[in-house]
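Colleague: One file: start_3.txt (compact mmCIF, C-alpha atoms).
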```
# COMPACT_ATOMS: atom_id res chain seq x y z
CA MET A 1 0.00 0.00 0.00
CA ARG A 2 2.78 2.43 0.88
CA LYS A 3 4.43 1.74 -2.47
CA VAL A 4 1.23 2.72 -4.26
CA VAL A 5 1.00 5.92 -2.24
CA ALA A 6 4.60 6.70 -3.07
CA LEU A 7 3.86 6.32 -6.74
CA ILE A 8 1.08 8.85 -6.43
CA GLY A 9 3.73 11.41 -5.59
CA VAL A 10 4.52 11.76 -9.24
CA TRP A 11 0.97 11.69 -10.60
CA VAL A 12 1.41 14.96 -12.45
CA LEU A 13 5.06 14.46 -13.26
CA CYS A 14 4.49 13.40 -16.83
CA ILE A 15 1.05 14.85 -17.52
CA LEU A 16 2.72 17.10 -20.02
CA SER A 17 3.53 15.34 -23.24
CA VAL A 18 5.92 18.09 -24.05
CA GLY A 19 7.82 16.52 -26.88
CA ILE A 20 7.77 18.39 -30.15
CA GLU A 21 4.43 17.38 -31.61
CA PRO A 22 3.35 19.15 -34.80
CA ARG A 23 -0.25 19.49 -35.94
CA GLN A 24 -2.16 18.86 -39.15
CA GLN A 25 -2.67 21.76 -41.54
CA THR A 26 -4.74 22.60 -44.59
CA ALA A 27 -1.83 22.16 -46.99
CA ALA A 28 -1.05 18.64 -48.17
CA PRO A 29 1.09 17.28 -45.34
CA PRO A 30 4.09 14.96 -45.54
CA ALA A 31 3.64 11.32 -44.55
CA ALA A 32 4.64 12.13 -40.96
CA ALA A 33 1.54 14.33 -40.60
CA ALA A 34 -1.12 11.66 -41.05
CA ALA A 35 -4.61 12.29 -39.72
CA ALA A 36 -4.96 11.78 -35.99
CA PRO A 37 -7.29 8.90 -35.03
CA ALA A 38 -10.65 9.73 -33.49
CA ARG A 39 -11.14 8.80 -29.84
CA GLU A 40 -12.93 9.91 -26.70
CA PRO A 41 -13.37 12.32 -25.13
CA SER A 42 -13.53 14.16 -28.43
CA TRP A 43 -12.97 17.58 -26.82
CA ALA A 44 -9.51 16.42 -25.66
CA PHE A 45 -8.65 14.60 -28.92
CA PRO A 46 -9.64 17.05 -31.67
CA VAL A 47 -10.48 15.73 -35.13
CA GLN A 48 -11.52 18.04 -37.95
CA GLN A 49 -15.31 18.28 -38.26
CA GLY A 50 -15.74 21.20 -40.63
CA THR A 51 -13.92 23.74 -42.77
CA LEU A 52 -13.44 27.47 -42.50
CA PRO A 53 -13.46 29.43 -45.78
CA ALA A 54 -10.20 29.32 -47.72
CA GLU A 55 -7.88 32.28 -47.24
CA THR A 56 -6.66 34.31 -50.20
CA GLY A 57 -4.20 37.11 -50.77
CA SER A 58 -1.06 38.18 -48.97
CA LYS A 59 -1.33 38.31 -45.17
CA ALA A 60 0.22 40.80 -42.76
CA LEU A 61 0.50 40.67 -38.97
CA PRO A 62 0.47 43.86 -36.86
CA GLY A 63 3.99 44.59 -35.66
CA SER A 64 5.64 42.53 -38.38
CA ALA A 65 7.32 43.81 -41.53
CA ARG A 66 6.80 40.46 -43.26
CA THR A 67 3.97 39.13 -45.42
CA TYR A 68 3.03 35.57 -46.33
CA THR A 69 0.46 33.91 -48.54
CA PRO A 70 -1.94 31.34 -47.03
CA GLU A 71 0.01 28.62 -48.83
CA GLU A 72 3.23 29.78 -47.20
CA ILE A 73 1.58 30.00 -43.81
CA ASP A 74 0.32 26.43 -44.08
CA ASN A 75 3.60 24.99 -45.33
CA LEU A 76 4.56 22.50 -42.62
CA LEU A 77 8.13 22.39 -43.89
CA ALA A 78 8.70 26.17 -43.75
CA PRO A 79 6.47 28.01 -41.25
CA PRO A 80 6.21 31.80 -41.14
CA ASP A 81 8.55 33.66 -38.83
CA TRP A 82 6.59 36.86 -38.28
CA LEU A 83 8.76 38.35 -35.54
CA PRO A 84 12.31 37.03 -36.01
CA THR A 85 13.83 39.46 -33.52
CA ASP A 86 11.55 38.21 -30.72
CA HIS A 87 13.42 34.92 -30.33
CA PRO A 88 17.01 33.67 -30.41
CA PRO A 89 18.38 32.65 -33.82
CA ALA A 90 16.63 29.38 -34.62
CA PRO A 91 18.35 26.23 -35.87
CA ALA A 92 17.53 24.99 -39.35
CA ILE A 93 15.13 22.22 -38.30
CA VAL A 94 12.93 24.66 -36.40
CA GLN A 95 12.50 26.75 -39.55
CA LYS A 96 12.85 24.18 -42.34
CA GLY A 97 11.70 20.58 -42.31
CA HIS A 98 12.70 17.79 -44.63
CA ALA A 99 11.02 14.60 -45.85
CA GLY A 100 8.99 13.26 -42.90
CA ALA A 101 10.39 15.75 -40.40
CA LEU A 102 8.10 18.75 -40.15
CA ALA A 103 9.65 22.08 -39.15
CA CYS A 104 9.18 22.43 -35.38
CA GLY A 105 7.93 26.01 -35.75
CA SER A 106 5.01 24.94 -37.93
CA CYS A 107 3.05 23.62 -34.96
CA HIS A 108 4.78 24.97 -31.89
CA LEU A 109 5.12 28.38 -33.55
CA MET A 110 8.30 30.41 -33.54
CA SER A 111 7.54 31.38 -29.94
CA GLY A 112 7.19 27.77 -28.76
CA ILE A 113 3.72 28.34 -27.27
CA GLY A 114 1.95 26.17 -29.83
CA HIS A 115 -1.77 25.53 -30.08
CA PRO A 116 -4.10 23.38 -27.95
CA GLU A 117 -3.91 20.47 -30.39
CA SER A 118 -0.10 20.49 -30.24
CA ALA A 119 1.78 21.76 -27.18
CA ASP A 120 3.40 24.71 -25.48
CA VAL A 121 7.04 23.65 -25.22
CA THR A 122 8.43 26.75 -23.48
CA GLY A 123 9.88 26.83 -20.00
CA PHE A 124 11.17 23.26 -19.96
CA SER A 125 14.65 21.94 -19.43
CA ALA A 126 16.69 20.51 -22.26
CA GLU A 127 17.01 17.28 -20.28
CA TYR A 128 13.24 16.82 -20.14
CA LEU A 129 12.78 17.59 -23.83
CA MET A 130 15.57 15.18 -24.78
CA GLN A 131 13.87 12.42 -22.81
CA GLN A 132 10.60 13.02 -24.64
CA MET A 133 12.30 12.92 -28.02
CA ALA A 134 14.11 9.70 -27.12
CA ASP A 135 10.80 8.13 -26.06
CA PHE A 136 9.16 9.17 -29.32
CA LYS A 137 12.08 7.81 -31.34
CA SER A 138 12.08 4.44 -29.57
CA GLY A 139 8.31 4.14 -29.80
CA ALA A 140 7.95 3.91 -26.03
CA ARG A 141 5.73 6.94 -26.31
CA LYS A 142 3.27 6.55 -29.15
CA ASP A 143 2.20 9.30 -31.53
CA VAL A 144 2.04 7.54 -34.87
CA ALA A 145 0.44 10.50 -36.64
CA ARG A 146 3.26 12.87 -35.74
CA MET A 147 6.17 12.46 -33.43
CA ASN A 148 7.23 8.84 -33.85
CA GLY A 149 8.02 9.43 -37.51
CA ILE A 150 9.48 12.87 -36.96
CA ALA A 151 11.79 11.78 -34.13
CA LYS A 152 13.11 8.92 -36.26
CA GLU A 153 13.70 11.24 -39.21
CA LEU A 154 15.74 13.76 -37.22
CA SER A 155 19.48 13.38 -36.84
CA ASP A 156 20.94 13.43 -33.34
CA ASP A 157 22.38 16.88 -34.04
CA GLU A 158 19.03 18.23 -35.22
CA THR A 159 17.32 16.91 -32.09
CA ARG A 160 19.92 18.46 -29.79
CA GLU A 161 19.80 21.79 -31.62
CA ALA A 162 16.01 22.01 -31.54
CA VAL A 163 15.84 21.00 -27.88
CA ALA A 164 18.52 23.51 -26.85
CA TRP A 165 16.64 26.29 -28.68
CA PHE A 166 13.24 25.52 -27.19
CA ALA A 167 14.81 25.32 -23.72
CA LEU A 168 15.79 28.99 -24.12
CA LEU A 169 12.23 30.20 -24.75
CA LYS A 170 10.29 31.78 -21.91
CA PRO A 171 6.68 30.83 -21.19
CA ARG A 172 3.96 33.43 -21.48
CA ARG A 173 0.40 33.68 -20.27
CA ASN A 174 -1.75 33.03 -23.31
CA ASN A 175 -4.62 30.99 -21.80
CA LYS A 176 -7.70 32.46 -20.16
CA VAL A 177 -10.02 29.99 -18.43
CA VAL A 178 -13.68 30.99 -18.09
CA GLU A 179 -16.30 29.08 -16.11
CA ALA A 180 -19.67 29.12 -17.87
CA ASP A 181 -22.78 26.97 -18.24
CA THR A 182 -22.95 27.96 -21.90
CA ALA A 183 -20.26 28.85 -24.43
CA PRO A 184 -20.17 30.15 -27.98
CA LYS A 185 -21.07 27.46 -30.48
CA THR A 186 -17.86 25.90 -31.80
CA PHE A 187 -16.53 23.31 -34.20
CA THR A 188 -13.16 21.80 -35.05
CA ALA A 189 -11.80 22.94 -38.40
CA GLN A 190 -8.45 23.07 -40.21
CA GLY A 191 -5.45 22.07 -38.18
CA ARG A 192 -7.73 20.24 -35.73
CA MET A 193 -8.21 23.57 -33.99
CA ARG A 194 -11.53 24.49 -32.41
CA PHE A 195 -13.05 27.77 -33.62
CA VAL A 196 -16.13 29.78 -32.72
CA ASP A 197 -18.82 29.05 -35.33
CA PRO A 198 -19.05 32.06 -37.70
CA ALA A 199 -22.83 31.51 -37.78
CA GLY A 200 -23.02 32.43 -34.09
CA GLY A 201 -25.11 30.86 -31.37
CA THR A 202 -24.34 29.19 -28.07
CA GLU A 203 -24.22 25.64 -26.73
CA PRO A 204 -24.00 24.03 -23.28
CA THR A 205 -20.45 23.76 -22.02
CA GLY A 206 -21.32 20.36 -20.60
CA SER A 207 -18.50 18.20 -19.28
CA ARG A 208 -15.98 19.65 -21.70
CA ILE A 209 -13.16 22.13 -22.10
CA LEU A 210 -13.73 24.25 -25.20
CA SER A 211 -10.52 26.07 -26.17
CA VAL A 212 -10.78 28.61 -28.98
CA PRO A 213 -8.45 31.35 -30.22
CA VAL A 214 -9.30 34.88 -29.14
CA ASP A 215 -8.60 35.98 -32.71
CA ALA A 216 -9.27 33.19 -35.23
CA GLN A 217 -7.57 35.01 -38.09
CA ARG A 218 -4.30 35.48 -36.20
CA ALA A 219 -4.36 31.88 -35.03
CA ARG A 220 -4.72 30.68 -38.61
CA MET A 221 -1.76 32.89 -39.55
CA ARG A 222 0.38 31.22 -36.88
CA ASP A 223 0.79 34.41 -34.91
CA PRO A 224 3.52 33.57 -32.36
CA ASN A 225 1.54 35.54 -29.76
CA THR A 226 -1.78 33.75 -30.29
CA GLU A 227 -4.03 33.78 -27.22
CA PHE A 228 -6.78 31.34 -26.30
CA VAL A 229 -9.87 31.30 -24.10
CA SER A 230 -11.09 28.02 -22.63
CA TYR A 231 -14.67 27.56 -21.45
CA VAL A 232 -15.06 25.06 -18.62
CA PRO A 233 -17.99 23.93 -16.42
CA VAL A 234 -18.90 26.06 -13.42
CA GLY A 235 -17.07 24.79 -10.34
CA ALA A 236 -14.20 23.21 -12.28
CA LEU A 237 -11.57 25.65 -11.03
CA ALA A 238 -12.42 25.18 -7.35
CA ARG A 239 -12.41 21.41 -7.74
CA GLY A 240 -9.14 21.56 -9.65
CA LYS A 241 -7.54 23.76 -7.01
CA THR A 242 -8.38 21.19 -4.33
CA LEU A 243 -6.97 18.29 -6.32
CA VAL A 244 -3.84 20.14 -7.42
CA GLU A 245 -2.99 21.75 -4.08
CA THR A 246 -4.07 19.08 -1.57
CA GLY A 247 -4.66 15.81 -3.40
CA ASP A 248 -8.21 15.80 -2.02
CA GLY A 249 -7.68 13.60 1.01
CA GLY A 250 -5.60 10.94 -0.67
CA ARG A 251 -7.41 10.70 -4.00
CA THR A 252 -4.09 11.83 -5.42
CA ILE A 253 -1.25 13.95 -4.06
CA ALA A 254 -0.48 17.66 -4.22
CA CYS A 255 1.15 18.45 -7.57
CA GLY A 256 3.66 20.75 -5.88
CA THR A 257 5.40 17.71 -4.42
CA CYS A 258 7.20 17.30 -7.73
CA HIS A 259 6.38 20.39 -9.75
CA GLY A 260 6.95 23.07 -7.14
CA ALA A 261 4.47 25.37 -5.44
CA THR A 262 3.98 27.45 -8.58
CA MET A 263 3.75 24.43 -10.91
CA MET A 264 6.72 25.70 -12.88
CA GLY A 265 8.55 22.38 -12.69
CA GLN A 266 11.69 21.27 -10.93
CA GLY A 267 14.15 18.40 -10.70
CA THR A 268 13.51 16.26 -7.62
CA ALA A 269 15.65 13.25 -6.70
CA GLY A 270 16.78 12.88 -10.27
CA ILE A 271 13.23 13.05 -11.68
CA LEU A 272 12.48 15.80 -14.18
CA ALA A 273 9.14 17.43 -13.43
CA PRO A 274 7.87 19.66 -16.28
CA ARG A 275 6.06 22.96 -16.07
CA LEU A 276 2.28 22.57 -15.79
CA ALA A 277 1.21 26.16 -15.09
CA GLY A 278 -0.40 27.89 -18.05
CA GLN A 279 -0.25 24.91 -20.42
CA HIS A 280 -3.11 24.34 -22.88
CA PRO A 281 -5.83 22.61 -20.82
CA ILE A 282 -6.99 20.11 -23.43
CA TYR A 283 -3.38 19.12 -23.89
CA LEU A 284 -2.98 18.41 -20.19
CA ALA A 285 -6.18 16.37 -20.21
CA ARG A 286 -5.10 14.43 -23.27
CA GLN A 287 -1.90 13.29 -21.61
CA MET A 288 -3.72 11.90 -18.60
CA TYR A 289 -5.95 9.85 -20.89
CA LEU A 290 -2.91 8.62 -22.83
CA PHE A 291 -1.28 7.45 -19.61
CA LYS A 292 -4.47 5.57 -18.81
CA ASP A 293 -4.60 3.67 -22.10
CA GLY A 294 -0.87 2.99 -22.23
CA SER A 295 -0.13 5.11 -25.29
CA ARG A 296 2.29 7.22 -23.32
CA ASN A 297 5.28 5.34 -21.96
CA GLY A 298 8.97 5.92 -21.43
CA GLY A 299 10.85 7.93 -18.84
CA THR A 300 8.90 7.91 -15.59
CA ALA A 301 5.58 7.23 -17.31
CA ALA A 302 5.22 3.88 -15.56
CA LEU A 303 4.77 5.77 -12.31
CA MET A 304 1.77 7.57 -13.77
CA VAL A 305 -0.25 4.51 -14.71
CA PRO A 306 -1.53 3.48 -11.25
CA VAL A 307 -2.11 7.13 -10.42
CA VAL A 308 -4.27 8.25 -13.34
CA LEU A 309 -6.47 5.20 -12.94
CA ASN A 310 -7.75 6.71 -9.68
CA VAL A 311 -8.94 10.02 -11.14
CA SER A 312 -12.31 10.41 -12.85
CA ASP A 313 -13.11 12.18 -16.10
CA ALA A 314 -14.41 15.10 -14.05
CA ASP A 315 -11.16 15.17 -12.05
CA ILE A 316 -9.07 15.24 -15.22
CA LEU A 317 -11.11 18.15 -16.55
CA ALA A 318 -10.84 20.09 -13.29
CA ILE A 319 -7.11 19.49 -12.86
CA SER A 320 -6.43 20.58 -16.43
CA ALA A 321 -8.57 23.69 -16.14
CA TYR A 322 -6.98 24.85 -12.89
CA LEU A 323 -3.39 24.26 -14.07
CA ALA A 324 -4.11 26.12 -17.30
CA SER A 325 -5.45 29.09 -15.33
CA MET A 326 -2.14 29.55 -13.48
CA ASP A 327 0.38 32.20 -14.50
CA PRO A 328 3.50 30.63 -16.09
CA THR A 329 5.41 33.92 -16.11
CA GLN A 330 5.98 33.89 -12.35
CA ALA A 331 9.46 33.24 -10.99
CA ARG A 332 10.45 29.68 -10.27
```
Show me, as structure tokens, the structure contained in the file I just sent.
Modeller:
Amino acid sequence: MRKVVALIGVWVLCILSVGIEPRQQTAAPPAAAAAAPAREPSWAFPVQQGTLPAETGSKALPGSARTYTPEEIDNLLAPPDWLPTDHPPAPAIVQKGHAGALACGSCHLMSGIGHPESADVTGFSAEYLMQQMADFKSGARKDVARMNGIAKELSDDETREAVAWFALLKPRRNNKVVEADTAPKTFTAQGRMRFVDPAGGTEPTGSRILSVPVDAQRARMRDPNTEFVSYVPVGALARGKTLVETGDGGRTIACGTCHGATMMGQGTAGILAPRLAGQHPIYLARQMYLFKDGSRNGGTAALMVPVVLNVSDADILAISAYLASMDPTQAR
């Protein structure tokens, strides 16, 4: 029994599947960007349901001197770099992909903050990122549609260069979590991203997290400063706070045990605990489900399996919502 309790101490340790995981786009993707399989809960595992109108003409982003066509924006092998002076000089693989290796910046953006269907990879140590890439490459951690093929395609030098660059990037607060019984009507369109329905209307939030970009146009342009709002059920944040901060009387254990009081991550007894604060909430939820079904292995993932089995769907939603609401710009 004590061994099981000890395992619970790392229940959030690997929630974050923070490897470099690109997303599907409207342009014809390479083989490594196959369609993601449908599974439940659908709000955590987005699959394209509809299509937004095609974009035309040259696009410009406020504050940038550059312009790109929609085709250039959706090129998974050469993503737009709207604000090149806002980040350190990027290695080639971040800016230019090859064969089955998509350019890292196509899905994680040139700021590293990514989108809900991919990941925010800022604020993590190079050691943690290297472990994730090794797990993808070996197949211990499964992501057939994206990262398994990409990790195998990359050279060791490319992996190290990309990891070192992402480890330099600072997290930012780009998620707003709103409790509401109803939310704008939404659907999942290009890139497996959820958007507010242009036709308008509302729908019950239900037992879901509905993450949409604040500005759909800028999100489609891969604005490196894209912001999101996530609608969650009323009461989710309070429930999440209890689970995250106290473990709710033994249901789990306080996340700060491994990730620090501010959920910014830390290394404890040789275990690398990633940042959880401010991460995309549906991404956090997705990782807990992947631990449950065994799709996510490698590293310390084995410690997560007996832990996630004890949390309900409602707990996963609440934990994800509360962690996403935290400010990742605070000092460690």
Colleague: If you measure from CA of Ser295 in chain A to CA of Glu153 in chain A, what distance in Å do you get, rounded to one decimal?
Modeller: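 CA of Ser295 in chain A sits 20.6 Å away from CA of Glu153 in chain A.
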Colleague: Could you pull the residues within 8 Å of Gly265 in chain A, counting all atoms listed in the file, minus those fewer than 2 positions along the same chain, as a list in words?
Modeller: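 Those residues are Phe124, Cys258, His259, Gly260, Thr262, Met263, Gly267, Leu272, Ala273, Pro274, Arg275, Leu276 and Arg332 of chain A.
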Colleague: Just the selected residues (C-alpha atoms), exported as an mmCIF file, keeping the file's coordinate frame, please.
Modeller:
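Below is the file part.cif, written as the result:
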```
data_model
loop_
_atom_site.group_PDB
_atom_site.id
_atom_site.type_symbol
_atom_site.label_atom_id
_atom_site.label_comp_id
_atom_site.auth_asym_id
_atom_site.auth_seq_id
_atom_site.Cartn_x
_atom_site.Cartn_y
_atom_site.Cartn_z
ATOM 1 C CA PHE A 124 11.170 23.260 -19.960
ATOM 2 C CA CYS A 258 7.200 17.300 -7.730
ATOM 3 C CA HIS A 259 6.380 20.390 -9.750
ATOM 4 C CA GLY A 260 6.950 23.070 -7.140
ATOM 5 C CA THR A 262 3.980 27.450 -8.580
ATOM 6 C CA MET A 263 3.750 24.430 -10.910
ATOM 7 C CA GLY A 267 14.150 18.400 -10.700
ATOM 8 C CA LEU A 272 12.480 15.800 -14.180
ATOM 9 C CA ALA A 273 9.140 17.430 -13.430
ATOM 10 C CA PRO A 274 7.870 19.660 -16.280
ATOM 11 C CA ARG A 275 6.060 22.960 -16.070
ATOM 12 C CA LEU A 276 2.280 22.570 -15.790
ATOM 13 C CA ARG A 332 10.450 29.680 -10.270
#
```
Colleague: Any idea what the distance is between CA of Pro184 in chain A and CA of Thr202 in chain A?
Modeller: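 Computing it gives 4.3 Å between the two atoms.
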Colleague: Might you pull out every residue within 6 Å of range 287-291 of chain A, with only C-alpha atoms counted and same-chain residues fewer than 3 positions away left off, and present them as a PyMOL selection string?
Modeller: chain A and resi 15+284+294-296+305
Colleague: Please write the residues from the selection above to a file, keeping C-alpha atoms, as a PDB file, in the frame of the given file.
Modeller:
```
ATOM      1  CA  ILE A  15       1.050  14.850 -17.520  1.00  0.00           C
ATOM      2  CA  LEU A 284      -2.980  18.410 -20.190  1.00  0.00           C
ATOM      3  CA  GLY A 294      -0.870   2.990 -22.230  1.00  0.00           C
ATOM      4  CA  SER A 295      -0.130   5.110 -25.290  1.00  0.00           C
ATOM      5  CA  ARG A 296       2.290   7.220 -23.320  1.00  0.00           C
ATOM      6  CA  VAL A 305      -0.250   4.510 -14.710  1.00  0.00           C
TER       7      VAL A 305
END
```
Colleague: Excluding range 72-86 of chain A and any residue of its chain fewer than 2 positions from it, enumerate the residues within 8 Å of it, using all atoms listed in the file, and give them as a PyMOL selection string.
Modeller: chain A and resi 25-27+29+61+63-70+88-89+95-98+101-103+105-107+109-111+221-224
Colleague: May I have the residues within 12 Å of Val196 in chain A as a PDB file with C-alpha atoms, in the frame of the given file, using all atoms listed in the file and disregarding those fewer than 3 positions away in the same chain?
Modeller:
```pdb
ATOM      1  CA  GLY A  50     -15.740  21.200 -40.630  1.00  0.00           C
ATOM      2  CA  THR A  51     -13.920  23.740 -42.770  1.00  0.00           C
ATOM      3  CA  LEU A  52     -13.440  27.470 -42.500  1.00  0.00           C
ATOM      4  CA  ALA A 183     -20.260  28.850 -24.430  1.00  0.00           C
ATOM      5  CA  PRO A 184     -20.170  30.150 -27.980  1.00  0.00           C
ATOM      6  CA  LYS A 185     -21.070  27.460 -30.480  1.00  0.00           C
ATOM      7  CA  THR A 186     -17.860  25.900 -31.800  1.00  0.00           C
ATOM      8  CA  PHE A 187     -16.530  23.310 -34.200  1.00  0.00           C
ATOM      9  CA  THR A 188     -13.160  21.800 -35.050  1.00  0.00           C
ATOM     10  CA  ALA A 189     -11.800  22.940 -38.400  1.00  0.00           C
ATOM     11  CA  MET A 193      -8.210  23.570 -33.990  1.00  0.00           C
ATOM     12  CA  ALA A 199     -22.830  31.510 -37.780  1.00  0.00           C
ATOM     13  CA  GLY A 200     -23.020  32.430 -34.090  1.00  0.00           C
ATOM     14  CA  GLY A 201     -25.110  30.860 -31.370  1.00  0.00           C
ATOM     15  CA  THR A 202     -24.340  29.190 -28.070  1.00  0.00           C
ATOM     16  CA  GLU A 203     -24.220  25.640 -26.730  1.00  0.00           C
ATOM     17  CA  LEU A 210     -13.730  24.250 -25.200  1.00  0.00           C
ATOM     18  CA  SER A 211     -10.520  26.070 -26.170  1.00  0.00           C
ATOM     19  CA  VAL A 212     -10.780  28.610 -28.980  1.00  0.00           C
ATOM     20  CA  PRO A 213      -8.450  31.350 -30.220  1.00  0.00           C
ATOM     21  CA  VAL A 214      -9.300  34.880 -29.140  1.00  0.00           C
ATOM     22  CA  ASP A 215      -8.600  35.980 -32.710  1.00  0.00           C
ATOM     23  CA  ALA A 216      -9.270  33.190 -35.230  1.00  0.00           C
ATOM     24  CA  GLN A 217      -7.570  35.010 -38.090  1.00  0.00           C
ATOM     25  CA  PHE A 228      -6.780  31.340 -26.300  1.00  0.00           C
ATOM     26  CA  VAL A 229      -9.870  31.300 -24.100  1.00  0.00           C
ATOM     27  CA  SER A 230     -11.090  28.020 -22.630  1.00  0.00           C
ATOM     28  CA  TYR A 231     -14.670  27.560 -21.450  1.00  0.00           C
TER      29      TYR A 231
END
```
Colleague: Skip Val177 in chain A itself and residues of its chain fewer than 2 positions away, then list as a PDB file with C-alpha atoms, in the coordinates of the input all residues within 12 Å of it, counting all atoms listed in the file.
Modeller:
```
ATOM      1  CA  ARG A 173       0.400  33.680 -20.270  1.00  0.00           C
ATOM      2  CA  ASN A 174      -1.750  33.030 -23.310  1.00  0.00           C
ATOM      3  CA  ASN A 175      -4.620  30.990 -21.800  1.00  0.00           C
ATOM      4  CA  GLU A 179     -16.300  29.080 -16.110  1.00  0.00           C
ATOM      5  CA  ALA A 180     -19.670  29.120 -17.870  1.00  0.00           C
ATOM      6  CA  ALA A 183     -20.260  28.850 -24.430  1.00  0.00           C
ATOM      7  CA  ILE A 209     -13.160  22.130 -22.100  1.00  0.00           C
ATOM      8  CA  LEU A 210     -13.730  24.250 -25.200  1.00  0.00           C
ATOM      9  CA  SER A 211     -10.520  26.070 -26.170  1.00  0.00           C
ATOM     10  CA  VAL A 212     -10.780  28.610 -28.980  1.00  0.00           C
ATOM     11  CA  PRO A 213      -8.450  31.350 -30.220  1.00  0.00           C
ATOM     12  CA  VAL A 214      -9.300  34.880 -29.140  1.00  0.00           C
ATOM     13  CA  GLU A 227      -4.030  33.780 -27.220  1.00  0.00           C
ATOM     14  CA  PHE A 228      -6.780  31.340 -26.300  1.00  0.00           C
ATOM     15  CA  VAL A 229      -9.870  31.300 -24.100  1.00  0.00           C
ATOM     16  CA  SER A 230     -11.090  28.020 -22.630  1.00  0.00           C
ATOM     17  CA  TYR A 231     -14.670  27.560 -21.450  1.00  0.00           C
ATOM     18  CA  VAL A 232     -15.060  25.060 -18.620  1.00  0.00           C
ATOM     19  CA  PRO A 233     -17.990  23.930 -16.420  1.00  0.00           C
ATOM     20  CA  VAL A 234     -18.900  26.060 -13.420  1.00  0.00           C
ATOM     21  CA  GLY A 235     -17.070  24.790 -10.340  1.00  0.00           C
ATOM     22  CA  ALA A 236     -14.200  23.210 -12.280  1.00  0.00           C
ATOM     23  CA  LEU A 237     -11.570  25.650 -11.030  1.00  0.00           C
ATOM     24  CA  GLY A 278      -0.400  27.890 -18.050  1.00  0.00           C
ATOM     25  CA  GLN A 279      -0.250  24.910 -20.420  1.00  0.00           C
ATOM     26  CA  HIS A 280      -3.110  24.340 -22.880  1.00  0.00           C
ATOM     27  CA  PRO A 281      -5.830  22.610 -20.820  1.00  0.00           C
ATOM     28  CA  ILE A 282      -6.990  20.110 -23.430  1.00  0.00           C
ATOM     29  CA  ALA A 318     -10.840  20.090 -13.290  1.00  0.00           C
ATOM     30  CA  SER A 320      -6.430  20.580 -16.430  1.00  0.00           C
ATOM     31  CA  ALA A 321      -8.570  23.690 -16.140  1.00  0.00           C
ATOM     32  CA  TYR A 322      -6.980  24.850 -12.890  1.00  0.00           C
ATOM     33  CA  LEU A 323      -3.390  24.260 -14.070  1.00  0.00           C
ATOM     34  CA  ALA A 324      -4.110  26.120 -17.300  1.00  0.00           C
ATOM     35  CA  SER A 325      -5.450  29.090 -15.330  1.00  0.00           C
ATOM     36  CA  MET A 326      -2.140  29.550 -13.480  1.00  0.00           C
ATOM     37  CA  ASP A 327       0.380  32.200 -14.500  1.00  0.00           C
TER      38      ASP A 327
END
```
Colleague: When you draw a straight line from CA of Arg251 in chain A to CA of Gly298 in chain A, how long is it in Å?
Modeller: 24.4 Å
Colleague: May I ask which of the residues A:Val178, A:Gly250, A:Asn297, A:Glu55 is the closest one to Phe136 in chain A, counting all atoms listed in the file?
Modeller: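 The shortest atom-to-atom distance to Phe136 in chain A comes from A:Asn297.
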Colleague: Taking all atoms listed in the file into account, name the residue in A:Ala219, A:Met304, A:Ala285, A:Leu317 that is nearest to Leu243 in chain A.
Modeller: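 Using all atoms listed in the file, the shortest distance to Leu243 in chain A belongs to A:Leu317.
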